[in-house]
>>> print(open('model21.cif').read())   # mmCIF, C-alpha atoms
data_model
#
loop_
_atom_site.label_atom_id
_atom_site.label_comp_id
_atom_site.auth_asym_id
_atom_site.auth_seq_id
_atom_site.Cartn_x
_atom_site.Cartn_y
_atom_site.Cartn_z
CA MET A 14 74.01 -100.55 -80.50
CA ILE A 15 75.91 -99.85 -83.73
CA ARG A 16 76.99 -103.50 -83.99
CA THR A 17 73.36 -104.64 -83.63
CA ALA A 18 72.24 -102.00 -86.15
CA LEU A 19 74.72 -103.21 -88.78
CA LEU A 20 73.80 -106.83 -88.11
CA VAL A 21 70.07 -106.18 -88.50
CA ALA A 22 70.53 -103.95 -91.56
CA ALA A 23 72.71 -106.57 -93.28
CA LYS A 24 70.13 -109.24 -92.49
CA ASP A 25 67.22 -107.20 -93.88
CA LEU A 26 69.15 -106.28 -97.03
CA ARG A 27 70.21 -109.89 -97.56
CA ILE A 28 66.58 -110.99 -97.28
CA GLU A 29 65.66 -108.29 -99.79
CA LEU A 30 68.35 -109.41 -102.22
CA ARG A 31 67.17 -113.01 -101.87
CA SER A 32 63.42 -112.39 -102.15
CA ARG A 33 63.68 -109.55 -104.71
CA VAL A 34 60.38 -108.06 -103.55
CA LEU A 35 61.82 -104.56 -104.08
CA LEU A 36 62.98 -105.34 -107.61
CA TRP A 37 59.96 -107.24 -108.88
CA GLN A 38 57.09 -105.74 -106.92
CA VAL A 39 57.81 -102.38 -105.31
CA VAL A 40 59.83 -100.61 -108.03
CA PRO A 41 57.45 -101.70 -110.85
CA PHE A 42 54.52 -100.49 -108.73
CA GLY A 43 56.22 -97.12 -108.25
CA VAL A 44 57.04 -96.76 -111.94
CA MET A 45 53.47 -97.65 -112.90
CA ALA A 46 52.07 -95.16 -110.38
CA LEU A 47 54.35 -92.44 -111.77
CA LEU A 48 53.39 -93.29 -115.35
CA LEU A 49 49.70 -93.17 -114.49
CA SER A 50 50.22 -89.84 -112.76
CA GLY A 51 51.77 -88.46 -115.94
CA LEU A 52 48.85 -89.77 -117.98
CA ALA A 53 46.37 -88.27 -115.51
CA LEU A 54 47.97 -84.85 -116.00
CA GLY A 55 47.58 -85.25 -119.75
CA PRO A 56 50.32 -85.41 -122.38
CA THR A 57 50.33 -81.68 -123.08
CA HIS A 58 50.46 -80.64 -119.43
CA ALA A 59 52.87 -83.15 -117.95
CA GLY A 60 55.96 -81.33 -119.11
CA HIS A 61 54.80 -77.93 -117.94
CA SER A 62 53.04 -78.84 -114.72
CA SER A 63 54.37 -77.81 -111.36
CA ALA A 64 52.85 -80.99 -109.93
CA GLY A 65 55.97 -83.10 -110.65
CA PRO A 66 57.60 -82.84 -107.20
CA GLY A 67 54.30 -83.47 -105.43
CA LEU A 68 53.55 -86.51 -107.58
CA PHE A 69 57.06 -87.84 -107.01
CA TYR A 70 56.66 -87.63 -103.23
CA LEU A 71 53.12 -89.04 -103.35
CA VAL A 72 54.36 -92.10 -105.24
CA MET A 73 57.31 -92.40 -102.86
CA LEU A 74 54.85 -92.36 -99.96
CA PHE A 75 52.89 -95.29 -101.43
CA VAL A 76 56.13 -97.15 -102.08
CA ALA A 77 57.36 -96.44 -98.56
CA LEU A 78 54.15 -97.79 -97.02
CA LEU A 79 54.57 -101.03 -98.98
CA MET A 80 58.18 -101.35 -97.90
CA ILE A 81 57.50 -100.54 -94.25
CA ASN A 82 54.83 -103.26 -94.12
CA ARG A 83 57.25 -105.64 -95.79
CA SER A 84 60.07 -104.73 -93.38
CA GLN A 85 57.89 -105.31 -90.31
CA SER A 86 56.37 -108.52 -91.67
CA LEU A 87 59.85 -110.09 -91.62
CA GLU A 88 59.79 -109.99 -87.83
CA SER A 89 56.10 -110.38 -87.09
CA ARG A 90 55.61 -114.13 -87.59
CA PRO A 91 54.92 -115.47 -84.07
CA GLY A 92 57.80 -117.97 -84.06
CA THR A 93 60.31 -115.54 -85.52
CA LYS A 94 59.26 -112.79 -83.12
CA ALA A 95 59.75 -115.03 -80.07
CA SER A 96 63.05 -116.44 -81.26
CA ILE A 97 64.49 -113.04 -82.12
CA ALA A 98 63.28 -111.71 -78.77
CA THR A 99 65.31 -114.42 -77.04
CA LEU A 100 68.45 -113.16 -78.79
CA GLY A 101 68.19 -110.17 -76.46
CA LEU A 102 69.21 -107.65 -79.12
CA ASP A 103 69.39 -103.98 -78.20
CA PRO A 104 66.03 -102.46 -79.33
CA ALA A 105 67.72 -99.19 -80.30
CA GLY A 106 70.10 -101.17 -82.51
CA ILE A 107 67.20 -103.03 -84.11
CA PHE A 108 65.46 -99.71 -84.82
CA LEU A 109 68.58 -98.19 -86.36
CA GLY A 110 69.30 -101.31 -88.41
CA LYS A 111 65.80 -101.62 -89.80
CA SER A 112 65.69 -97.88 -90.51
CA LEU A 113 69.05 -98.04 -92.30
CA ALA A 114 67.99 -100.97 -94.48
CA LEU A 115 64.68 -99.28 -95.27
CA ALA A 116 66.42 -95.99 -96.07
CA LEU A 117 68.81 -97.73 -98.48
CA GLU A 118 65.88 -99.43 -100.21
CA LEU A 119 63.99 -96.13 -100.41
CA TRP A 120 67.04 -94.37 -101.82
CA VAL A 121 67.41 -96.97 -104.58
CA THR A 122 63.71 -96.70 -105.38
CA GLY A 123 63.91 -92.91 -105.18
CA VAL A 124 66.70 -92.76 -107.77
CA VAL A 125 64.69 -94.98 -110.14
CA LEU A 126 61.55 -92.89 -109.67
CA LEU A 127 63.48 -89.65 -110.03
CA ALA A 128 64.75 -90.90 -113.39
CA GLY A 129 61.15 -91.84 -114.14
CA ALA A 130 60.01 -88.32 -113.25
CA VAL A 131 62.58 -86.86 -115.66
CA LEU A 132 61.40 -89.17 -118.43
CA VAL A 133 57.65 -89.28 -117.81
CA LEU A 134 56.90 -85.94 -116.18
CA HIS A 135 59.69 -84.11 -118.04
CA THR A 136 61.11 -82.85 -114.77
CA ALA A 137 64.31 -80.87 -115.44
CA LEU A 138 67.37 -83.08 -114.90
CA ALA A 139 69.47 -80.29 -113.36
CA GLY A 140 66.72 -79.45 -110.88
CA ALA A 141 66.23 -83.12 -110.02
CA LEU A 142 69.95 -83.46 -109.29
CA THR A 143 69.88 -80.35 -107.12
CA ALA A 144 66.98 -81.85 -105.19
CA LEU A 145 68.81 -85.14 -104.56
CA PRO A 146 70.24 -84.24 -101.11
CA SER A 147 66.87 -83.12 -99.79
CA ILE A 148 65.24 -86.23 -101.23
CA ALA A 149 67.86 -88.43 -99.53
CA ILE A 150 67.28 -86.72 -96.17
CA GLY A 151 63.50 -86.82 -96.55
CA LEU A 152 63.48 -90.52 -97.41
CA ALA A 153 65.79 -91.31 -94.50
CA ALA A 154 63.41 -89.49 -92.16
CA MET A 155 60.52 -91.40 -93.74
CA ALA A 156 62.38 -94.66 -93.08
CA CYS A 157 62.87 -93.79 -89.40
CA ALA A 158 59.27 -92.69 -88.87
CA GLY A 159 58.03 -95.69 -90.87
CA THR A 160 60.05 -98.16 -88.80
CA LEU A 161 58.69 -96.62 -85.61
CA TYR A 162 55.06 -96.59 -86.72
CA GLY A 163 55.44 -99.95 -88.42
CA ALA A 164 56.36 -101.48 -85.06
CA LEU A 165 53.34 -99.78 -83.53
CA SER A 166 50.87 -101.08 -86.09
CA THR A 167 52.29 -104.53 -86.77
CA GLY A 168 50.68 -107.65 -85.40
CA GLY A 169 47.26 -106.11 -84.97
CA ASP A 170 44.26 -106.65 -87.20
CA GLY A 171 44.31 -104.41 -90.26
CA ALA A 172 47.94 -103.38 -89.84
CA ALA A 173 48.17 -102.38 -93.52
CA THR A 174 45.32 -99.91 -93.03
CA LEU A 175 46.43 -98.73 -89.63
CA LEU A 176 49.96 -97.81 -90.71
CA PRO A 177 49.09 -94.95 -93.12
CA VAL A 178 46.56 -93.55 -90.64
CA LEU A 179 49.04 -93.59 -87.77
CA ALA A 180 52.00 -92.40 -89.81
CA LEU A 181 50.21 -89.58 -91.63
CA PRO A 182 51.02 -86.90 -89.01
CA ALA A 183 54.69 -87.96 -89.13
CA PHE A 184 54.85 -88.11 -92.91
CA ALA A 185 52.93 -84.88 -93.61
CA PRO A 186 55.75 -82.45 -92.72
CA LEU A 187 58.20 -84.60 -94.67
CA LEU A 188 56.00 -84.54 -97.76
CA ILE A 189 55.45 -80.78 -97.52
CA ALA A 190 59.10 -79.92 -96.90
CA GLY A 191 60.27 -82.41 -99.53
CA GLU A 192 57.89 -81.12 -102.16
CA ARG A 193 58.77 -77.49 -101.39
CA SER A 194 62.51 -78.08 -101.57
CA PHE A 195 62.13 -80.10 -104.81
CA SER A 196 60.04 -77.29 -106.32
CA ALA A 197 62.62 -74.73 -105.18
CA ALA A 198 65.35 -76.78 -106.85
CA LEU A 199 63.35 -76.83 -110.10
CA HIS A 200 61.93 -73.33 -110.21
CA GLY A 201 64.17 -71.38 -107.84
CA GLY A 202 63.44 -70.19 -104.34
CA ALA A 203 64.50 -70.89 -100.79
CA LEU A 204 66.21 -74.29 -100.50
CA TRP A 205 68.00 -74.22 -97.18
CA GLU A 206 64.96 -73.54 -95.05
CA TRP A 207 63.30 -76.74 -96.23
CA TRP A 208 66.50 -78.71 -95.88
CA VAL A 209 66.77 -77.61 -92.26
CA ILE A 210 63.21 -78.78 -91.59
CA LEU A 211 64.01 -82.17 -93.13
CA VAL A 212 67.20 -82.54 -91.10
CA VAL A 213 65.41 -81.57 -87.88
CA ALA A 214 62.66 -84.11 -88.66
CA LEU A 215 65.27 -86.81 -89.34
CA VAL A 216 67.07 -86.15 -86.06
CA ALA A 217 63.77 -86.05 -84.14
CA TYR A 218 62.52 -89.36 -85.58
CA LEU A 219 65.91 -90.97 -84.97
CA ALA A 220 65.92 -89.85 -81.35
CA VAL A 221 62.32 -90.91 -80.70
CA GLY A 222 62.94 -94.27 -82.36
CA VAL A 223 66.09 -94.99 -80.36
CA LEU A 224 64.26 -94.14 -77.15
CA LEU A 225 60.89 -95.77 -77.79
CA TYR A 226 61.41 -98.75 -80.11
CA GLY A 227 62.00 -101.12 -77.20
CA VAL A 228 58.78 -100.01 -75.51
CA LEU A 229 56.82 -100.56 -78.73
CA GLU A 230 58.33 -104.01 -79.21
CA GLU A 231 57.46 -105.06 -75.69
CA SER A 232 53.89 -103.83 -76.02
CA MET B 3 63.94 -130.03 -55.75
CA THR B 4 66.68 -130.20 -53.17
CA GLY B 5 70.43 -129.83 -53.16
CA ALA B 6 70.79 -128.21 -56.57
CA VAL B 7 70.89 -124.58 -57.70
CA GLU B 8 67.39 -123.43 -58.55
CA VAL B 9 67.03 -122.36 -62.16
CA VAL B 10 63.28 -121.85 -62.03
CA ARG B 11 61.23 -120.78 -59.05
CA LEU B 12 57.56 -119.87 -59.49
CA ARG B 13 55.31 -119.06 -56.55
CA ASP B 14 51.58 -118.58 -57.16
CA ALA B 15 52.44 -117.32 -60.65
CA VAL B 16 49.50 -115.82 -62.51
CA VAL B 17 49.51 -114.70 -66.13
CA VAL B 18 46.52 -112.90 -67.60
CA ALA B 19 46.48 -111.70 -71.20
CA ASN B 20 43.67 -109.55 -72.62
CA GLY B 21 41.56 -110.38 -69.57
CA PHE B 22 41.96 -114.11 -70.14
CA PRO B 23 43.80 -116.16 -67.49
CA LEU B 24 46.56 -118.22 -69.08
CA LEU B 25 48.20 -119.43 -65.87
CA SER B 26 46.59 -119.47 -62.43
CA GLY B 27 48.62 -119.91 -59.28
CA VAL B 28 51.44 -122.05 -60.66
CA ASP B 29 54.14 -123.22 -58.22
CA LEU B 30 57.24 -124.78 -59.72
CA SER B 31 60.88 -125.27 -58.75
CA LEU B 32 63.50 -126.70 -61.07
CA GLY B 33 67.15 -127.30 -60.34
CA ALA B 34 70.14 -127.11 -62.65
CA GLY B 35 70.49 -130.16 -64.86
CA SER B 36 66.86 -131.17 -64.50
CA LEU B 37 64.49 -132.33 -67.18
CA CYS B 38 60.82 -131.50 -66.87
CA VAL B 39 58.01 -132.46 -69.21
CA VAL B 40 54.86 -130.36 -69.13
CA THR B 41 51.86 -132.21 -70.46
CA GLY B 42 48.20 -131.39 -70.78
CA ALA B 43 45.43 -131.00 -73.29
CA ASN B 44 45.35 -128.24 -75.88
CA GLY B 45 44.86 -124.89 -74.15
CA ALA B 46 46.02 -126.24 -70.78
CA GLY B 47 48.70 -123.52 -70.53
CA LYS B 48 51.81 -125.44 -71.62
CA THR B 49 53.01 -122.84 -74.12
CA SER B 50 52.10 -119.99 -71.74
CA LEU B 51 54.22 -121.53 -69.01
CA LEU B 52 57.19 -121.86 -71.35
CA ARG B 53 56.71 -118.32 -72.64
CA LEU B 54 56.63 -117.02 -69.06
CA LEU B 55 59.91 -118.81 -68.31
CA ALA B 56 61.42 -117.29 -71.47
CA GLY B 57 60.38 -113.79 -70.42
CA LEU B 58 58.09 -113.50 -73.44
CA VAL B 59 54.91 -112.80 -71.46
CA SER B 60 54.52 -110.64 -68.37
CA LEU B 61 53.86 -112.00 -64.92
CA THR B 62 50.53 -110.61 -63.70
CA SER B 63 50.93 -111.56 -60.03
CA GLY B 64 52.87 -113.91 -57.83
CA SER B 65 56.63 -114.25 -57.99
CA ALA B 66 58.90 -115.81 -60.57
CA THR B 67 62.66 -116.13 -60.81
CA VAL B 68 64.40 -117.71 -63.79
CA ALA B 69 68.18 -118.11 -63.95
CA GLY B 70 68.39 -115.78 -60.96
CA ILE B 71 66.45 -113.00 -62.68
CA ASP B 72 63.20 -111.72 -61.21
CA LEU B 73 60.55 -111.76 -63.96
CA ALA B 74 58.59 -108.94 -62.31
CA ASN B 75 61.40 -106.41 -61.90
CA GLY B 76 64.51 -107.87 -63.50
CA ASP B 77 66.22 -107.32 -66.84
CA LEU B 78 64.13 -109.45 -69.21
CA ARG B 79 66.52 -108.83 -72.11
CA GLN B 80 69.31 -110.37 -70.06
CA LEU B 81 67.08 -113.30 -69.17
CA ARG B 82 66.17 -113.91 -72.81
CA ARG B 83 69.83 -114.17 -73.72
CA ARG B 84 70.24 -116.94 -71.17
CA VAL B 85 67.33 -119.14 -72.16
CA GLY B 86 66.87 -121.03 -75.40
CA TRP B 87 63.41 -121.05 -76.94
CA LEU B 88 62.20 -123.43 -79.62
CA GLY B 89 58.60 -122.66 -80.49
CA HIS B 90 56.26 -124.81 -82.52
CA GLU B 91 55.59 -122.11 -85.10
CA GLY B 92 59.03 -122.05 -86.72
CA SER B 93 61.73 -119.65 -85.71
CA PHE B 94 63.57 -118.33 -88.70
CA TYR B 95 63.77 -115.94 -91.60
CA ASP B 96 62.34 -117.92 -94.50
CA ASP B 97 64.36 -116.19 -97.21
CA LEU B 98 67.72 -116.75 -95.52
CA SER B 99 69.68 -119.95 -95.89
CA VAL B 100 70.40 -122.33 -93.04
CA GLN B 101 73.93 -120.94 -92.76
CA GLU B 102 72.77 -117.31 -92.92
CA ASN B 103 70.14 -117.82 -90.21
CA LEU B 104 72.64 -119.43 -87.88
CA THR B 105 75.30 -116.84 -88.65
CA PHE B 106 72.86 -114.09 -87.73
CA ALA B 107 72.04 -115.81 -84.43
CA ALA B 108 75.69 -116.51 -83.64
CA ARG B 109 76.73 -112.91 -84.29
CA ALA B 110 73.77 -111.56 -82.32
CA LEU B 111 74.80 -113.68 -79.35
CA GLU B 112 78.51 -113.02 -79.88
CA ARG B 113 79.17 -116.75 -80.32
CA PRO B 114 81.90 -117.94 -82.67
CA VAL B 115 80.64 -118.60 -86.19
CA ARG B 116 82.89 -121.68 -86.29
CA ASP B 117 80.40 -123.38 -83.92
CA ILE B 118 77.84 -123.52 -86.73
CA GLY B 119 79.46 -126.41 -88.61
CA PRO B 120 79.56 -128.82 -85.65
CA ALA B 121 76.01 -127.85 -84.66
CA LEU B 122 74.72 -128.60 -88.15
CA GLU B 123 76.55 -131.91 -88.16
CA ARG B 124 75.03 -132.77 -84.80
CA VAL B 125 71.49 -132.26 -86.13
CA GLY B 126 72.18 -133.81 -89.54
CA LEU B 127 71.80 -130.67 -91.65
CA GLU B 128 75.44 -130.29 -92.74
CA HIS B 129 74.45 -130.83 -96.39
CA ARG B 130 71.73 -128.17 -96.26
CA THR B 131 73.79 -125.10 -95.40
CA ASP B 132 72.85 -123.19 -98.56
CA THR B 133 69.19 -124.22 -98.59
CA THR B 134 66.75 -121.43 -97.76
CA THR B 135 64.72 -122.15 -94.65
CA LYS B 136 61.43 -122.08 -96.54
CA GLN B 137 62.68 -125.02 -98.63
CA LEU B 138 63.20 -127.19 -95.56
CA SER B 139 60.63 -129.72 -94.40
CA ALA B 140 58.93 -129.16 -91.04
CA GLY B 141 61.17 -131.78 -89.43
CA GLN B 142 64.30 -130.19 -90.88
CA ARG B 143 63.20 -126.81 -89.59
CA ARG B 144 62.87 -128.34 -86.15
CA ARG B 145 66.41 -129.70 -86.44
CA LEU B 146 67.58 -126.25 -87.49
CA GLY B 147 65.98 -124.88 -84.34
CA LEU B 148 67.96 -127.36 -82.30
CA ALA B 149 71.16 -126.33 -84.09
CA TRP B 150 70.33 -122.75 -83.13
CA LEU B 151 70.07 -123.80 -79.49
CA LEU B 152 73.29 -125.82 -79.66
CA ILE B 153 75.12 -122.68 -80.78
CA ARG B 154 73.47 -120.66 -78.02
CA ARG B 155 74.27 -123.16 -75.25
CA PRO B 156 71.56 -121.72 -72.96
CA GLU B 157 71.24 -122.47 -69.25
CA LEU B 158 67.58 -123.32 -69.71
CA TRP B 159 66.13 -124.99 -72.82
CA LEU B 160 62.45 -124.31 -73.39
CA LEU B 161 61.08 -126.60 -76.07
CA ASP B 162 57.46 -126.20 -77.12
CA GLU B 163 56.10 -129.37 -78.72
CA PRO B 164 59.51 -130.39 -80.06
CA TYR B 165 58.30 -133.79 -81.26
CA ALA B 166 55.80 -132.29 -83.69
CA SER B 167 56.84 -133.00 -87.29
CA LEU B 168 59.64 -135.36 -86.27
CA ASP B 169 59.72 -138.89 -87.64
CA ASP B 170 60.85 -141.86 -85.55
CA SER B 171 64.53 -141.31 -86.27
CA GLY B 172 64.10 -137.63 -85.50
CA ARG B 173 62.48 -138.42 -82.15
CA GLU B 174 65.27 -140.85 -81.33
CA PHE B 175 67.87 -138.26 -82.27
CA PHE B 176 66.06 -135.68 -80.17
CA ASP B 177 65.95 -137.93 -77.09
CA ASP B 178 69.69 -138.58 -77.45
CA LEU B 179 70.30 -134.84 -77.65
CA LEU B 180 68.27 -134.24 -74.50
CA VAL B 181 70.37 -136.79 -72.63
CA ASP B 182 73.52 -134.88 -73.62
CA VAL B 183 72.03 -131.49 -72.76
CA VAL B 184 70.93 -132.57 -69.31
CA ALA B 185 74.29 -134.27 -68.71
CA SER B 186 76.01 -130.98 -69.54
CA GLY B 187 74.23 -129.35 -66.59
CA ALA B 188 71.63 -127.35 -68.50
CA SER B 189 67.97 -127.58 -67.54
CA VAL B 190 65.26 -128.51 -70.00
CA VAL B 191 61.52 -127.89 -69.95
CA VAL B 192 59.62 -129.66 -72.71
CA SER B 193 55.95 -129.29 -73.48
CA ALA B 194 54.48 -132.41 -75.03
CA HIS B 195 51.21 -134.25 -75.37
CA ASP B 196 52.91 -137.55 -74.58
CA GLN B 197 55.50 -138.80 -72.18
CA LEU B 198 59.09 -138.95 -73.40
CA ARG B 199 59.81 -142.44 -74.67
CA SER B 200 63.54 -142.79 -74.15
CA ALA B 201 64.63 -145.26 -71.50
CA ALA B 202 67.66 -143.04 -70.84
CA LEU B 203 65.44 -140.13 -69.77
CA THR B 204 63.61 -140.01 -66.47
CA PRO B 205 61.95 -136.62 -66.48
CA ARG B 206 59.81 -135.02 -63.90
CA THR B 207 56.31 -134.74 -65.34
CA ILE B 208 53.93 -131.90 -64.64
CA VAL B 209 50.33 -131.98 -65.80
CA LEU B 210 48.51 -128.73 -66.53
CA ALA B 211 44.80 -128.12 -66.97
CA GLY B 212 43.10 -124.76 -67.27
CA GLY B 213 46.35 -122.98 -66.45
CA ARG B 214 46.79 -124.85 -63.14
CA VAL B 215 49.15 -127.61 -62.12
CA ILE B 216 46.97 -130.65 -61.47
CA GLY B 217 49.70 -133.26 -61.35
CA ASP B 218 53.39 -133.44 -60.45
CA ASP B 219 55.25 -136.74 -60.09
CA ARG B 220 58.10 -135.14 -58.15
#
>>> encode(input="model21.cif", output="structure tokens")
Amino acid sequence: MIRTALLVAAKDLRIELRSRVLLWQVVPFGVMALLLSGLALGPTHAGHSSAGPGLFYLVMLFVALLMINRSQSLESRPGTKASIATLGLDPAGIFLGKSLALALELWVTGVVLLAGAVLVLHTALAGALTALPSIAIGLAAMACAGTLYGALSTGGDGAATLLPVLALPAFAPLLIAGERSFSAALHGGALWEWWVILVVALVAYLAVGVLLYGVLEES
Amino acid sequence: MTGAVEVVRLRDAVVVANGFPLLSGVDLSLGAGSLCVVTGANGAGKTSLLRLLAGLVSLTSGSATVAGIDLANGDLRQLRRRVGWLGHEGSFYDDLSVQENLTFAARALERPVRDIGPALERVGLEHRTDTTTKQLSAGQRRRLGLAWLLIRRPELWLLDEPYASLDDSGREFFDDLLVDVVASGASVVVSAHDQLRSAALTPRTIVLAGGRVIGDDR
């Protein structure tokens, strides 16, 4: 399972490095969305608003949806899907590999957008650094849930629309816990409670994905 | 089919997808080292038959055994590792190079990566190792698919419209390859609109129409 996971993750990351979709499409989209969010708050309010963490996670959600669709589209061409199926790879390994690659891509994007939040939304640098571990865990959980729901929605008509609808219940607790822990890192308050929720969500999505990814692929 | 180990055995095999019958009551036996061409008009069920043999679609009723594995209750993942599938839609990751695609397949199947070079030489793509798959012509992609199968060395080759996009030299090369594959003891099922043209090949020909076998020159 681990061997398959590393193989699939390396393949997805190599495709990403080759196609540069993350660099030239996803990251610029995220930066633009963050910039527009700052402008929507207004120049005098952006630096004082408590909306920074929420806006950061909202933009990360949009970015994640783009990347999940992209990750699943790599496998969903009919010929590719059939050929890869005949490799007989362990579905749990495929799930872990795709989740790992997606998590790495989200972490890179998250660091860029966090820097953007410091610059554009005047989020305090020390608070942003304190929030980094919770952001990393939250994005990893988002990658796992996204890979699972991406497999569920891919191939059907309107997959791009279906994914956010299906994934919303899975993403909602991540967004709430992420935003709360980020706010606590900036303004003080309980941190650990939110971290625990994020870790529990990560473990739950990992376990469900390992168990169910094969069933979703077959269906 | 007599005297040889059965690689494929279908009895009254029915495949229905989304309420639409793809195969209806197909009986078929193939022995090891046999070559079978499945012909028929568009929509006759050629691709569905090959996909059933590859374990890519579910058997609705009847019985089916491929490479000793029961398609109704057996381990389909194990079956898929033992058959080689070459579809007509293209089979690769477009943004990976020829070498990278084959390396991924070789590692997934736990085959030695050193087999890639000879396979590429065999299909005439040895000078295209660093070319991304999306830069290959349709015929070259087909050759890459064959290289993939050469590395896999499956017991059963399932080739869906393999002559599509091949020029005359490509067809000739492909026929030569089939002769070698069959001689090695592997079985081959090819879907095609036409008969195979090589004088060295004497395949069994099955004709499908409406998901049923309407002709078999066995």
>>> atom_distance(input="model21.cif", atom1="atom CA of B:Ala110", atom2="atom CA of A:Thr17")
7.1 Å
>>> resolve_selection(input="model21.cif", expression="the PyMOL selection byres ((chain B) within 9 of (chain A))", output="PyMOL selection string")
chain B and resi 53+56-58+78-98+102-103+106-107+109-111
>>> residues_around(input="model21.cif", residues="stretch 215-219 of chain B", least_positions_apart="3", cutoff="9 Å", atoms="all atoms listed in the file", output="list in words")
Ser26, Gly27, Val28, Asp29, Leu30, Arg206, Thr207, Ile208, Val209, Leu210, Ala211 and Gly212 of chain B
>>> resolve_selection(input="model21.cif", expression="the PyMOL selection byres ((chain A and resi 149) around 10)", output="list in words")
Ala116, Leu117, Leu119, Trp120, Val121, Gly123, Val124, Ala144, Leu145, Pro146, Ser147, Ile148, Ile150, Gly151, Leu152, Ala153, Ala154, Met155, Gly191 and Leu211 of chain A
>>> closest_residue(input="model21.cif", among="A:Val76, A:Gln85, A:Leu49, A:Gly67", to="A:Ala190", atoms="all atoms listed in the file")
A:Gly67
>>> resolve_selection(input="model21.cif", expression="the PyMOL selection byres ((chain B and resi 55) around 10)", output="mmCIF file with C-alpha atoms, keeping the file's coordinate frame")
data_model
loop_
_atom_site.group_PDB
_atom_site.id
_atom_site.type_symbol
_atom_site.label_atom_id
_atom_site.label_comp_id
_atom_site.auth_asym_id
_atom_site.auth_seq_id
_atom_site.Cartn_x
_atom_site.Cartn_y
_atom_site.Cartn_z
ATOM 1 C CA VAL B 10 63.280 -121.850 -62.030
ATOM 2 C CA ARG B 11 61.230 -120.780 -59.050
ATOM 3 C CA LEU B 12 57.560 -119.870 -59.490
ATOM 4 C CA THR B 49 53.010 -122.840 -74.120
ATOM 5 C CA SER B 50 52.100 -119.990 -71.740
ATOM 6 C CA LEU B 51 54.220 -121.530 -69.010
ATOM 7 C CA LEU B 52 57.190 -121.860 -71.350
ATOM 8 C CA ARG B 53 56.710 -118.320 -72.640
ATOM 9 C CA LEU B 54 56.630 -117.020 -69.060
ATOM 10 C CA ALA B 56 61.420 -117.290 -71.470
ATOM 11 C CA GLY B 57 60.380 -113.790 -70.420
ATOM 12 C CA LEU B 58 58.090 -113.500 -73.440
ATOM 13 C CA VAL B 59 54.910 -112.800 -71.460
ATOM 14 C CA SER B 60 54.520 -110.640 -68.370
ATOM 15 C CA LEU B 61 53.860 -112.000 -64.920
ATOM 16 C CA ALA B 66 58.900 -115.810 -60.570
ATOM 17 C CA THR B 67 62.660 -116.130 -60.810
ATOM 18 C CA VAL B 68 64.400 -117.710 -63.790
ATOM 19 C CA ALA B 69 68.180 -118.110 -63.950
ATOM 20 C CA LEU B 73 60.550 -111.760 -63.960
ATOM 21 C CA LEU B 81 67.080 -113.300 -69.170
ATOM 22 C CA ARG B 82 66.170 -113.910 -72.810
ATOM 23 C CA VAL B 85 67.330 -119.140 -72.160
ATOM 24 C CA TRP B 87 63.410 -121.050 -76.940
ATOM 25 C CA LEU B 158 67.580 -123.320 -69.710
ATOM 26 C CA TRP B 159 66.130 -124.990 -72.820
ATOM 27 C CA LEU B 160 62.450 -124.310 -73.390
ATOM 28 C CA VAL B 191 61.520 -127.890 -69.950
#
>>> residues_around(input="model21.cif", residues="B:Val190", least_positions_apart="2", cutoff="10 Å", atoms="all atoms listed in the file", output="ChimeraX atom specification")
/B:32-39,85-86,156-161,180,183-184,187-188,192-193,205
>>> atom_distance(input="model21.cif", atom1="atom CA of B:Asn20", atom2="atom CA of A:Glu230")
17.0 Å
>>> closest_residue(input="model21.cif", among="B:Arg154, B:Asn75, B:Val40, B:Arg220", to="B:Thr62", atoms="all atoms listed in the file")
B:Asn75
>>> residues_around(input="model21.cif", residues="A:Leu48", least_positions_apart="6", cutoff="10 Å", atoms="all atoms listed in the file", output="number ranges by chain")
A: 42, 126, 129-130, 132-134
>>> closest_residue(input="model21.cif", among="B:Arg173, B:Arg145, B:Arg155, B:Arg116", to="B:Ser189", atoms="only C-alpha atoms")
B:Arg155
>>> residues_around(input="model21.cif", residues="A:Ser166", least_positions_apart="5", cutoff="12 Å", atoms="only C-alpha atoms", output="list of chain:residue names")
A:Leu78, A:Ile81, A:Asn82, A:Gln85, A:Ser86, A:Ser89, A:Gly159, A:Thr160, A:Leu161, A:Gly171, A:Ala172, A:Ala173, A:Thr174, A:Leu175, A:Leu176, A:Pro177, A:Val178, A:Leu179, A:Ala180, A:Leu229, A:Glu230, A:Ser232
>>> axis_aligned_box(input="model21.cif", around="stretch 34-51 of chain B", padding_each_side="3 Å", output="AutoDock Vina command-line options")
--center_x 57.7 --center_y -126.2 --center_z -69.3 --size_x 31.6 --size_y 18.5 --size_z 19.2
